[in-house]
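S.K.: upload.csv is reproduced in full below (CSV, C-alpha atoms and all ligand atoms).
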chain,number,residue,atom,x,y,z
A,1,MET,CA,-35.3,7.8,6.9
A,2,THR,CA,-33.2,4.9,5.8
A,3,ALA,CA,-32.5,2.1,8.2
A,4,PRO,CA,-29.0,2.3,9.6
A,5,THR,CA,-26.7,-0.2,7.9
A,6,ALA,CA,-24.9,-2.7,10.0
A,7,PRO,CA,-21.2,-1.8,10.6
A,8,PRO,CA,-18.9,-3.9,8.4
A,9,VAL,CA,-17.6,-7.0,10.2
A,10,PHE,CA,-13.9,-7.0,10.9
A,11,GLY,CA,-12.0,-9.8,9.2
A,12,ARG,CA,-13.7,-10.0,5.8
A,13,PHE,CA,-11.7,-7.5,3.9
A,14,PHE,CA,-9.0,-9.6,2.1
A,15,LEU,CA,-7.8,-7.0,-0.5
A,16,PRO,CA,-4.1,-7.3,-1.0
A,17,GLY,CA,-3.7,-3.7,0.4
A,18,PRO,CA,-5.2,-1.8,2.0
A,19,THR,CA,-6.1,-4.6,4.3
A,20,ASP,CA,-8.5,-4.8,7.2
A,21,VAL,CA,-7.7,-2.6,10.2
A,22,HIS,CA,-8.6,-3.9,13.6
A,23,PRO,CA,-11.3,-1.8,15.6
A,24,GLU,CA,-8.8,-1.3,18.4
A,25,VAL,CA,-6.4,0.3,16.0
A,26,LEU,CA,-9.1,2.5,14.4
A,27,ALA,CA,-10.2,3.6,17.8
A,28,ALA,CA,-6.6,4.8,18.7
A,29,MET,CA,-6.9,7.4,16.0
A,30,GLN,CA,-9.6,9.3,17.9
A,31,ARG,CA,-7.1,10.6,20.4
A,32,PRO,CA,-6.7,14.4,20.4
A,33,MET,CA,-3.9,16.1,18.5
A,34,ILE,CA,-0.6,17.1,20.0
A,35,GLY,CA,1.8,19.7,18.6
A,36,HIS,CA,4.4,18.2,16.2
A,37,ARG,CA,7.1,20.2,17.9
A,38,SER,CA,6.0,19.3,21.4
A,39,SER,CA,7.7,17.2,23.9
A,40,ALA,CA,4.7,14.9,23.8
A,41,MET,CA,5.6,14.2,20.1
A,42,GLU,CA,9.2,13.5,21.0
A,43,ARG,CA,8.1,11.1,23.7
A,44,LEU,CA,5.7,9.3,21.3
A,45,LEU,CA,8.4,8.9,18.6
A,46,GLU,CA,10.9,7.7,21.3
A,47,ARG,CA,8.4,5.1,22.5
A,48,LEU,CA,7.9,3.8,19.0
A,49,ALA,CA,11.6,3.4,18.3
A,50,PRO,CA,12.5,0.1,20.0
A,51,SER,CA,9.5,-1.8,18.8
A,52,LEU,CA,10.1,-0.6,15.2
A,53,ALA,CA,13.7,-1.7,15.4
A,54,GLN,CA,12.5,-5.2,16.5
A,55,LEU,CA,10.0,-5.2,13.6
A,56,PHE,CA,12.7,-4.5,11.1
A,57,ARG,CA,15.3,-6.8,12.8
A,58,THR,CA,17.8,-3.9,13.0
A,59,SER,CA,19.9,-2.0,15.5
A,60,ARG,CA,19.5,1.1,13.3
A,61,ILE,CA,17.0,3.8,13.6
A,62,VAL,CA,13.7,3.3,11.7
A,63,LEU,CA,12.4,6.2,9.6
A,64,VAL,CA,8.7,6.9,9.6
A,65,GLY,CA,7.4,9.1,6.9
A,66,THR,CA,4.0,10.6,6.1
A,67,THR,CA,3.7,9.3,2.6
A,68,SER,CA,2.5,6.1,0.8
A,69,ALA,CA,5.2,3.5,0.3
A,70,THR,CA,6.0,4.9,-3.1
A,71,GLY,CA,7.5,7.9,-1.3
A,72,PHE,CA,10.1,5.8,0.3
A,73,MET,CA,10.7,4.1,-3.1
A,74,GLU,CA,11.6,7.6,-4.3
A,75,LEU,CA,13.7,8.2,-1.3
A,76,ALA,CA,15.6,5.0,-2.1
A,77,VAL,CA,16.4,6.2,-5.6
A,78,ARG,CA,17.2,9.8,-4.8
A,79,ASN,CA,19.5,8.9,-1.9
A,80,GLY,CA,20.9,5.5,-3.0
A,81,VAL,CA,21.4,5.5,-6.8
A,82,ARG,CA,24.4,7.4,-8.1
A,83,GLN,CA,24.1,7.0,-11.9
A,84,ARG,CA,22.7,3.7,-12.7
A,85,ALA,CA,20.5,1.0,-11.2
A,86,LEU,CA,19.8,-2.6,-12.0
A,87,SER,CA,16.1,-3.1,-11.6
A,88,LEU,CA,14.7,-6.5,-11.0
A,89,VAL,CA,11.2,-6.5,-12.6
A,90,ASN,CA,8.6,-9.2,-12.1
A,91,GLY,CA,5.4,-7.3,-11.5
A,92,ALA,CA,3.6,-4.0,-11.2
A,93,PHE,CA,5.5,-2.4,-8.3
A,94,SER,CA,8.9,-3.4,-9.5
A,95,GLU,CA,7.9,-1.9,-12.8
A,96,ARG,CA,7.1,1.3,-10.9
A,97,PHE,CA,10.5,1.1,-9.1
A,98,ALA,CA,12.3,1.0,-12.5
A,99,LYS,CA,10.2,3.9,-13.9
A,100,LEU,CA,11.0,5.9,-10.8
A,101,VAL,CA,14.8,5.4,-11.4
A,102,ARG,CA,14.3,7.1,-14.9
A,103,ALA,CA,12.0,9.7,-13.5
A,104,CYS,CA,14.8,10.8,-11.1
A,105,GLY,CA,17.1,11.2,-14.1
A,106,LYS,CA,19.2,8.1,-13.5
A,107,GLU,CA,19.9,5.2,-15.8
A,108,CYS,CA,17.9,2.0,-15.4
A,109,ILE,CA,19.0,-1.4,-16.6
A,110,ARG,CA,16.3,-4.0,-16.3
A,111,LEU,CA,16.3,-7.6,-15.5
A,112,ASP,CA,12.7,-8.8,-16.4
A,113,VAL,CA,11.1,-12.1,-15.5
A,114,PRO,CA,7.5,-13.1,-16.4
A,115,LEU,CA,4.6,-12.5,-13.9
A,116,GLY,CA,4.4,-15.2,-11.3
A,117,CYS,CA,8.2,-15.9,-11.5
A,118,ALA,CA,11.0,-14.8,-9.2
A,119,VAL,CA,14.4,-13.5,-10.0
A,120,GLU,CA,16.7,-16.4,-9.1
A,121,PRO,CA,20.1,-15.9,-7.5
A,122,ASP,CA,22.0,-17.2,-10.6
A,123,MET,CA,20.1,-14.8,-12.8
A,124,LEU,CA,21.1,-11.9,-10.6
A,125,ARG,CA,24.7,-13.0,-10.4
A,126,ASP,CA,24.8,-13.2,-14.2
A,127,ALA,CA,23.1,-9.8,-14.7
A,128,LEU,CA,25.5,-8.1,-12.3
A,129,ARG,CA,28.4,-9.6,-14.2
A,130,ARG,CA,27.0,-8.3,-17.5
A,131,THR,CA,25.9,-4.9,-16.2
A,132,PRO,CA,28.4,-2.1,-15.9
A,133,VAL,CA,27.6,-1.5,-12.3
A,134,ASP,CA,30.5,-1.1,-9.9
A,135,ALA,CA,30.1,-4.3,-8.1
A,136,VAL,CA,32.3,-3.2,-5.2
A,137,ASP,CA,29.8,-0.6,-3.9
A,138,VAL,CA,26.5,-1.9,-5.1
A,139,LEU,CA,23.7,-1.0,-2.7
A,140,VAL,CA,20.7,-3.3,-2.2
A,141,LEU,CA,17.5,-1.3,-2.2
A,142,VAL,CA,14.5,-3.5,-1.2
A,143,ASP,CA,10.8,-3.0,-1.6
A,144,ALA,CA,9.4,-5.1,1.3
A,145,VAL,CA,5.9,-3.6,1.2
A,146,THR,CA,4.0,-6.9,1.0
A,147,SER,CA,6.6,-8.9,3.1
A,148,LEU,CA,7.7,-6.9,6.1
A,149,ALA,CA,5.7,-7.9,9.2
A,150,GLY,CA,4.2,-10.9,7.3
A,151,SER,CA,7.2,-12.9,6.3
A,152,PRO,CA,10.9,-12.9,7.4
A,153,VAL,CA,12.8,-9.7,6.5
A,154,GLU,CA,16.2,-9.6,8.3
A,155,THR,CA,17.5,-6.1,7.6
A,156,ASP,CA,20.8,-6.3,9.5
A,157,ARG,CA,21.5,-10.0,9.0
A,158,TRP,CA,20.9,-9.8,5.3
A,159,GLY,CA,22.9,-6.6,4.9
A,160,LEU,CA,20.1,-4.6,3.2
A,161,ASP,CA,21.1,-1.0,2.5
A,162,PHE,CA,17.5,0.3,2.3
A,163,VAL,CA,14.4,-1.6,3.1
A,164,PHE,CA,10.9,-0.1,3.2
A,165,THR,CA,7.3,-0.8,3.7
A,166,GLY,CA,3.9,0.9,3.9
A,167,SER,CA,1.4,1.0,6.7
A,168,GLN,CA,-1.5,-0.5,4.8
A,169,LYS,CA,-0.2,-4.0,4.0
A,170,ALA,CA,1.1,-6.6,6.5
A,171,LEU,CA,1.2,-4.0,9.3
A,172,ALA,CA,-2.6,-3.7,9.0
A,173,LEU,CA,-2.8,0.1,9.5
A,174,PRO,CA,-4.6,2.6,7.4
A,175,PRO,CA,-2.6,3.9,4.5
A,176,GLY,CA,-0.5,7.0,4.8
A,177,LEU,CA,2.8,6.0,6.5
A,178,ALA,CA,6.0,4.6,5.0
A,179,LEU,CA,8.6,3.0,7.2
A,180,GLY,CA,12.2,2.2,6.3
A,181,VAL,CA,15.8,1.6,7.4
A,182,ALA,CA,19.0,2.8,5.8
A,183,SER,CA,22.4,1.2,6.3
A,184,GLU,CA,25.5,3.3,7.1
A,185,ARG,CA,26.7,2.8,3.5
A,186,MET,CA,23.4,4.1,2.2
A,187,LEU,CA,23.7,7.2,4.4
A,188,GLU,CA,27.3,7.8,3.2
A,189,ARG,CA,26.1,7.5,-0.4
A,190,ALA,CA,23.3,9.9,0.3
A,191,ARG,CA,25.7,12.5,1.8
A,192,ALA,CA,27.7,12.4,-1.4
A,193,LEU,CA,24.8,12.8,-3.8
A,194,PRO,CA,23.5,16.1,-5.1
A,195,ASN,CA,19.8,16.9,-5.8
A,196,ARG,CA,18.3,14.7,-3.1
A,197,GLY,CA,15.4,17.0,-2.8
A,198,LEU,CA,13.9,18.1,0.5
A,199,TYR,CA,11.0,15.9,1.6
A,200,PHE,CA,12.8,12.7,1.0
A,201,ASP,CA,16.3,13.8,1.9
A,202,LEU,CA,17.7,10.8,3.9
A,203,VAL,CA,20.4,12.9,5.6
A,204,SER,CA,18.1,15.5,7.3
A,205,PHE,CA,15.4,12.8,7.8
A,206,THR,CA,17.9,10.7,9.7
A,207,GLU,CA,19.2,13.6,11.7
A,208,ALA,CA,15.7,14.5,12.9
A,209,THR,CA,14.7,10.9,13.6
A,210,VAL,CA,17.6,10.2,15.9
A,211,LYS,CA,16.4,13.2,18.0
A,212,HIS,CA,12.9,11.7,17.8
A,213,GLN,CA,11.6,14.6,15.9
A,214,PRO,CA,9.5,14.7,12.7
A,215,THR,CA,10.8,16.6,9.7
A,216,ASN,CA,7.3,18.1,8.9
A,217,THR,CA,3.8,17.8,10.4
A,218,PRO,CA,3.3,14.0,10.4
A,219,ALA,CA,0.1,12.1,10.2
A,220,ILE,CA,-0.3,12.2,14.0
A,221,SER,CA,-3.4,10.0,14.1
A,222,LEU,CA,-1.6,7.3,12.1
A,223,LEU,CA,1.3,7.5,14.7
A,224,TYR,CA,-1.3,6.7,17.4
A,225,ALA,CA,-2.5,3.8,15.4
A,226,LEU,CA,1.0,2.6,14.9
A,227,GLU,CA,1.7,2.7,18.6
A,228,THR,CA,-1.4,0.7,19.3
A,229,GLN,CA,-0.6,-1.8,16.6
A,230,LEU,CA,3.0,-2.3,17.8
A,231,GLY,CA,1.5,-3.1,21.2
A,232,ARG,CA,-0.8,-5.7,19.6
A,233,ILE,CA,2.1,-7.2,17.7
A,234,GLU,CA,4.0,-7.6,20.9
A,235,ARG,CA,1.0,-9.2,22.6
A,236,GLU,CA,0.8,-11.8,19.7
A,237,GLY,CA,4.3,-12.8,20.6
A,238,GLY,CA,6.4,-10.4,18.4
A,239,VAL,CA,7.0,-10.3,14.7
A,240,GLU,CA,8.0,-14.0,14.6
A,241,ALA,CA,4.6,-15.1,15.8
A,242,ARG,CA,3.1,-12.8,13.1
A,243,TRP,CA,5.3,-14.6,10.5
A,244,ARG,CA,4.1,-17.9,11.7
A,245,ARG,CA,0.4,-16.9,11.4
A,246,HIS,CA,1.0,-15.7,7.8
A,247,ASP,CA,2.8,-18.9,7.0
A,248,ALA,CA,-0.2,-20.9,8.3
A,249,MET,CA,-2.6,-18.8,6.2
A,250,ARG,CA,-0.4,-19.4,3.1
A,251,SER,CA,-0.3,-23.2,3.8
A,252,ARG,CA,-4.0,-23.3,4.3
A,253,VAL,CA,-4.6,-21.7,0.8
A,254,GLU,CA,-2.1,-24.1,-0.7
A,255,ALA,CA,-3.9,-27.2,0.8
A,256,TRP,CA,-7.2,-25.8,-0.4
A,257,SER,CA,-5.9,-25.1,-3.9
A,258,GLU,CA,-4.7,-28.8,-4.1
A,259,GLU,CA,-8.0,-30.2,-2.8
A,260,ARG,CA,-10.1,-28.0,-5.2
A,261,GLY,CA,-7.8,-28.1,-8.2
A,262,VAL,CA,-7.5,-24.3,-8.3
A,263,PRO,CA,-3.9,-23.7,-9.3
A,264,PHE,CA,-1.6,-21.0,-8.0
A,265,LEU,CA,0.2,-18.7,-10.5
A,266,PRO,CA,3.7,-19.0,-8.9
A,267,ARG,CA,5.3,-22.3,-8.3
A,268,ALA,CA,5.4,-23.8,-4.8
A,269,GLU,CA,8.7,-22.4,-3.5
A,270,ARG,CA,8.1,-18.9,-4.8
A,271,ARG,CA,4.8,-18.0,-3.2
A,272,SER,CA,4.2,-15.0,-1.1
A,273,TRP,CA,3.2,-15.5,2.5
A,274,THR,CA,0.8,-12.6,2.4
A,275,VAL,CA,-1.0,-12.7,-1.0
A,276,SER,CA,-2.2,-15.8,-2.9
A,277,CYS,CA,-2.7,-15.4,-6.6
A,278,LEU,CA,-4.9,-18.2,-8.0
A,279,LYS,CA,-5.9,-19.1,-11.5
A,280,VAL,CA,-9.7,-19.3,-11.9
A,281,PRO,CA,-11.6,-21.5,-14.3
A,282,GLU,CA,-12.1,-19.8,-17.6
A,283,ALA,CA,-15.8,-20.3,-17.6
A,284,ARG,CA,-16.1,-18.3,-14.3
A,285,GLY,CA,-14.0,-15.2,-14.7
A,286,ALA,CA,-12.4,-13.3,-11.9
A,287,LYS,CA,-14.8,-10.4,-12.0
A,288,ALA,CA,-17.8,-12.6,-11.4
A,289,ILE,CA,-16.2,-14.4,-8.5
A,290,VAL,CA,-15.0,-11.2,-6.8
A,291,GLY,CA,-18.6,-9.7,-7.3
A,292,ALA,CA,-20.3,-12.8,-5.8
A,293,LEU,CA,-18.1,-12.6,-2.8
A,294,LYS,CA,-18.7,-8.9,-2.5
A,295,ASP,CA,-22.5,-9.6,-2.4
A,296,ALA,CA,-21.8,-12.1,0.4
A,297,GLY,CA,-19.9,-9.4,2.4
A,298,TRP,CA,-16.4,-10.5,1.6
A,299,THR,CA,-13.7,-8.6,-0.3
A,300,ILE,CA,-10.8,-10.1,-2.3
A,301,GLY,CA,-8.8,-8.7,-5.3
A,302,ALA,CA,-9.2,-9.5,-9.0
A,303,GLY,CA,-6.0,-10.2,-10.9
A,304,TYR,CA,-3.6,-7.4,-11.7
A,305,GLY,CA,-3.0,-5.9,-15.2
A,306,SER,CA,-2.9,-8.6,-17.9
A,307,LEU,CA,-4.1,-11.2,-15.3
A,308,LYS,CA,-7.2,-9.3,-14.4
A,309,GLU,CA,-9.8,-11.8,-15.7
A,310,THR,CA,-7.8,-15.0,-15.3
A,311,THR,CA,-6.7,-14.8,-11.6
A,312,ILE,CA,-7.9,-13.7,-8.2
A,313,ARG,CA,-5.7,-12.4,-5.3
A,314,ILE,CA,-6.4,-13.1,-1.7
A,315,GLY,CA,-4.6,-10.7,0.6
A,316,HIS,CA,-4.3,-12.8,3.8
A,317,MET,CA,-2.1,-10.3,5.4
A,318,GLY,CA,-2.1,-8.1,8.5
A,319,ASP,CA,-4.5,-9.2,11.3
A,320,HIS,CA,-6.3,-11.9,9.4
A,321,THR,CA,-6.7,-15.3,10.9
A,322,VAL,CA,-6.7,-18.9,9.6
A,323,GLY,CA,-10.3,-19.1,11.0
A,324,ALA,CA,-11.7,-16.3,8.9
A,325,LEU,CA,-9.7,-17.4,5.9
A,326,GLU,CA,-11.3,-20.8,6.3
A,327,GLU,CA,-14.8,-19.2,6.0
A,328,LEU,CA,-13.7,-17.3,2.9
A,329,LEU,CA,-12.3,-20.4,1.2
A,330,ALA,CA,-15.6,-22.3,1.9
A,331,LEU,CA,-17.5,-19.5,0.1
A,332,LEU,CA,-14.9,-19.5,-2.7
A,333,ALA,CA,-15.2,-23.3,-3.1
A,334,GLY,CA,-18.8,-22.8,-4.2
A,335,LEU,CA,-17.8,-20.2,-6.8
A,336,VAL,CA,-15.0,-22.0,-8.5
A,337,SER,CA,-16.3,-25.5,-8.9
D,401,LIG,C1,1.3,-1.7,-2.3
D,401,LIG,C2,2.7,-1.8,-2.8
D,401,LIG,C3,3.5,-0.7,-3.2
D,401,LIG,C4,3.0,0.7,-3.2
D,401,LIG,O1,2.5,1.2,-2.1
D,401,LIG,P1,1.8,2.6,-2.0
D,401,LIG,O2,1.6,2.7,-0.5
D,401,LIG,O3,0.5,2.5,-2.8
D,401,LIG,O4,2.7,3.7,-2.6
D,401,LIG,C5,4.8,-0.9,-3.5
D,401,LIG,N1,5.4,-2.1,-3.6
D,401,LIG,C6,4.7,-3.2,-3.3
D,401,LIG,C7,5.3,-4.6,-3.3
D,401,LIG,C8,3.3,-3.1,-2.9
D,401,LIG,O5,2.7,-4.3,-2.6
Could you render the structure from this file as structure tokens?

M.R.:
Amino acid sequence: MTAPTAPPVFGRFFLPGPTDVHPEVLAAMQRPMIGHRSSAMERLLERLAPSLAQLFRTSRIVLVGTTSATGFMELAVRNGVRQRALSLVNGAFSERFAKLVRACGKECIRLDVPLGCAVEPDMLRDALRRTPVDAVDVLVLVDAVTSLAGSPVETDRWGLDFVFTGSQKALALPPGLALGVASERMLERARALPNRGLYFDLVSFTEATVKHQPTNTPAISLLYALETQLGRIEREGGVEARWRRHDAMRSRVEAWSEERGVPFLPRAERRSWTVSCLKVPEARGAKAIVGALKDAGWTIGAGYGSLKETTIRIGHMGDHTVGALEELLALLAGLVS
């Protein structure tokens, strides 16, 4: 017989998605099933609606789909892009967004900036001027997968036409749900577009959601987890308190990076509140650092794509705390110096 291994400690899994899920949220998924056409399901979806609207800062209905976030990226394209999209590409997932536009048979015009850089407002203004998009009815489709619930996203105030996230990032749920909000303009656009498909048809999805009904059999256990997590977010002080905690984690990594001389990839004003990408000393190598932390019981991400060996990524998102981050940084200090 092998000795039982100790259960993993919560709060040491800093992958930039999926991130750590609190034991209380995991436990919620043990509740028994309910029928997806039952009144219990309608009541559950009805209970979720007001907290979800607060999370997205919207007065509109929040769609919850059983799919990874990429499913709602596809929904955005199928329902929001008539012929042509201007894709802002500065990393792996915006690259995916652009590819998805083409895969859905639409034309994609790209505005590329290097990894670690942001698309600045004047670049966008210029690109819109040069691009044959009809500026009068341009829709803004936003991938907020690593920002929503971790840094400010103001759906209504910013006039976003479609904004979506996935369950496994700053919401700190297991993967498997996508959540999103569509503006009235987006819904009108969808009604006029052919070939929206079925699973990601915004029109029927919205019709079902306003009646608090799922379109198909949803991931019921994840809905239980979502309800529990929305309660935890409320107890923390709402989404704004959550933003503040993420901002504090970001500042802590910034201060540490200055003290230790471990530079960030993006410049100061363009850093994520939920993921820190740091350049590691050449003599060390990202893989060795990630491996050594793993041996000590902690998980972070190596760099992505071409940055694999030269950078590390700390996903300080979801339910992580400055305290645990502090412990992680203390370990990391010994590995980078
Ligand atoms: C993780 C991530 C995605 C993709 O999410 P999936 O749930 O794996 O489909 C998309 N965009 C961004 C910004 C992400 O961080």

S.K.: Counting only C-alpha atoms, write as a ChimeraX atom specification all protein and nucleic acid residues lying at most 12 Å from (-0.4, 14.6, 20.7) in the file's frame.

M.R.: /A:28-45,217-224

S.K.: Against region 105-120 of chain A, which residues of region 181-270 of chain A fall within 9 Å? For each one I want the closest pair of atoms and the distance in Å (one decimal), counting only C-alpha atoms, rows by chain and increasing residue number, as JSON lines.

M.R.:
{"residue": "A:Phe264", "atom": "CA", "partner": "A:Gly116", "partner_atom": "CA", "distance": 9.0}
{"residue": "A:Leu265", "atom": "CA", "partner": "A:Gly116", "partner_atom": "CA", "distance": 5.5}
{"residue": "A:Pro266", "atom": "CA", "partner": "A:Gly116", "partner_atom": "CA", "distance": 4.5}
{"residue": "A:Arg267", "atom": "CA", "partner": "A:Cys117", "partner_atom": "CA", "distance": 7.7}
{"residue": "A:Arg270", "atom": "CA", "partner": "A:Ala118", "partner_atom": "CA", "distance": 6.7}

S.K.: May I have a table of the residues of chain A lying at most 6 Å from ligand LIG 401 (chain D), giving each one's closest pair of atoms and their distance in Å to one decimal, counting only C-alpha atoms and all ligand atoms, ordered by chain and ascending residue number, as a tab-separated table?

M.R.:
residue	atom	partner	partner_atom	distance
A:Ser68	CA	D:LIG401	O2	3.7
A:Ala69	CA	D:LIG401	O2	3.8
A:Thr70	CA	D:LIG401	O4	3.5
A:Phe93	CA	D:LIG401	N1	4.7
A:Asp143	CA	D:LIG401	N1	5.8
A:Val145	CA	D:LIG401	C7	4.6
A:Thr146	CA	D:LIG401	O5	4.6
A:Gly166	CA	D:LIG401	O2	5.3

S.K.: If I wrap all listed atoms of region 11-19 of chain A in a box with edges along x, y and z and add 5 Å on each side, what are its centre and edge lengths in Å to one decimal, as lines of an AutoDock Vina configuration file?

M.R.:
center_x = -8.7
center_y = -5.9
center_z = 4.1
size_x = 20.0
size_y = 18.2
size_z = 20.2

S.K.: How many Å separate CA of Val322 (chain A) from CA of Ala296 (chain A)?

M.R.: 18.9 Å

S.K.: When you count only C-alpha atoms, which of these residues is closest to Arg232 (chain A): A:Lys169, A:His22, A:Lys287, A:Arg12?

M.R.: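 Nearest candidate to Arg232 (chain A) out of A:Lys169, A:His22, A:Lys287, A:Arg12: A:His22.
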
S.K.: Smallest atom-to-atom distance to Glu282 (chain A): which of A:Glu309, A:Glu46, A:Asp126, A:Asp319, using all atoms listed in the file?

M.R.: A:Glu309

S.K.: Identify, on the basis of all atoms listed in the file, every residue whose closest approach to Ile300 (chain A) does not exceed 6 Å; exclude the query and any residue fewer than 2 positions from it along the same chain; express the result as an NGL selection string.

M.R.: :A and (14-15 or 314)

S.K.: Would you be able to write out as a list in words which residues have an atom within 12 Å of (-17.6, -17.1, -13.4) in the file's coordinates, counting all atoms listed in the file?

M.R.: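 Every polymer residue passing the test: Val280, Pro281, Glu282, Ala283, Arg284, Gly285, Ala286, Lys287, Ala288, Ile289, Val290, Gly291, Ala292, Leu293, Glu309, Thr310, Thr311, Ile312, Leu332, Gly334, Leu335, Val336 and Ser337 of chain A.
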
S.K.: Could you check the closest approach to Leu230 (chain A) for each of A:Glu24, A:Asp137, A:Glu188, A:Glu154 and tell me which residue wins, using all atoms listed in the file?

M.R.: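 Distance minimum relative to Leu230 (chain A) lands on A:Glu24.
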
S.K.: What gap, in Å, lies between CA of Ala76 (chain A) and CA of His212 (chain A)?

M.R.: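 Rounded to one decimal, the two atoms are 21.2 Å apart.
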
S.K.: Would you list the contacts of region 200-209 of chain A as a VMD selection string, taking every protein, DNA or RNA residue within 12 Å and counting only C-alpha atoms, but skipping same-chain residues closer than 3 positions in sequence?

M.R.: chain A and resid 37 41 to 42 44 to 46 48 to 49 60 to 67 69 to 80 162 178 to 184 186 to 197 212 to 216

S.K.: How far is it from CA of Leu100 (chain A) to CA of Ser167 (chain A), in Å with one decimal?

M.R.: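 Rounded to one decimal, the two atoms are 20.6 Å apart.
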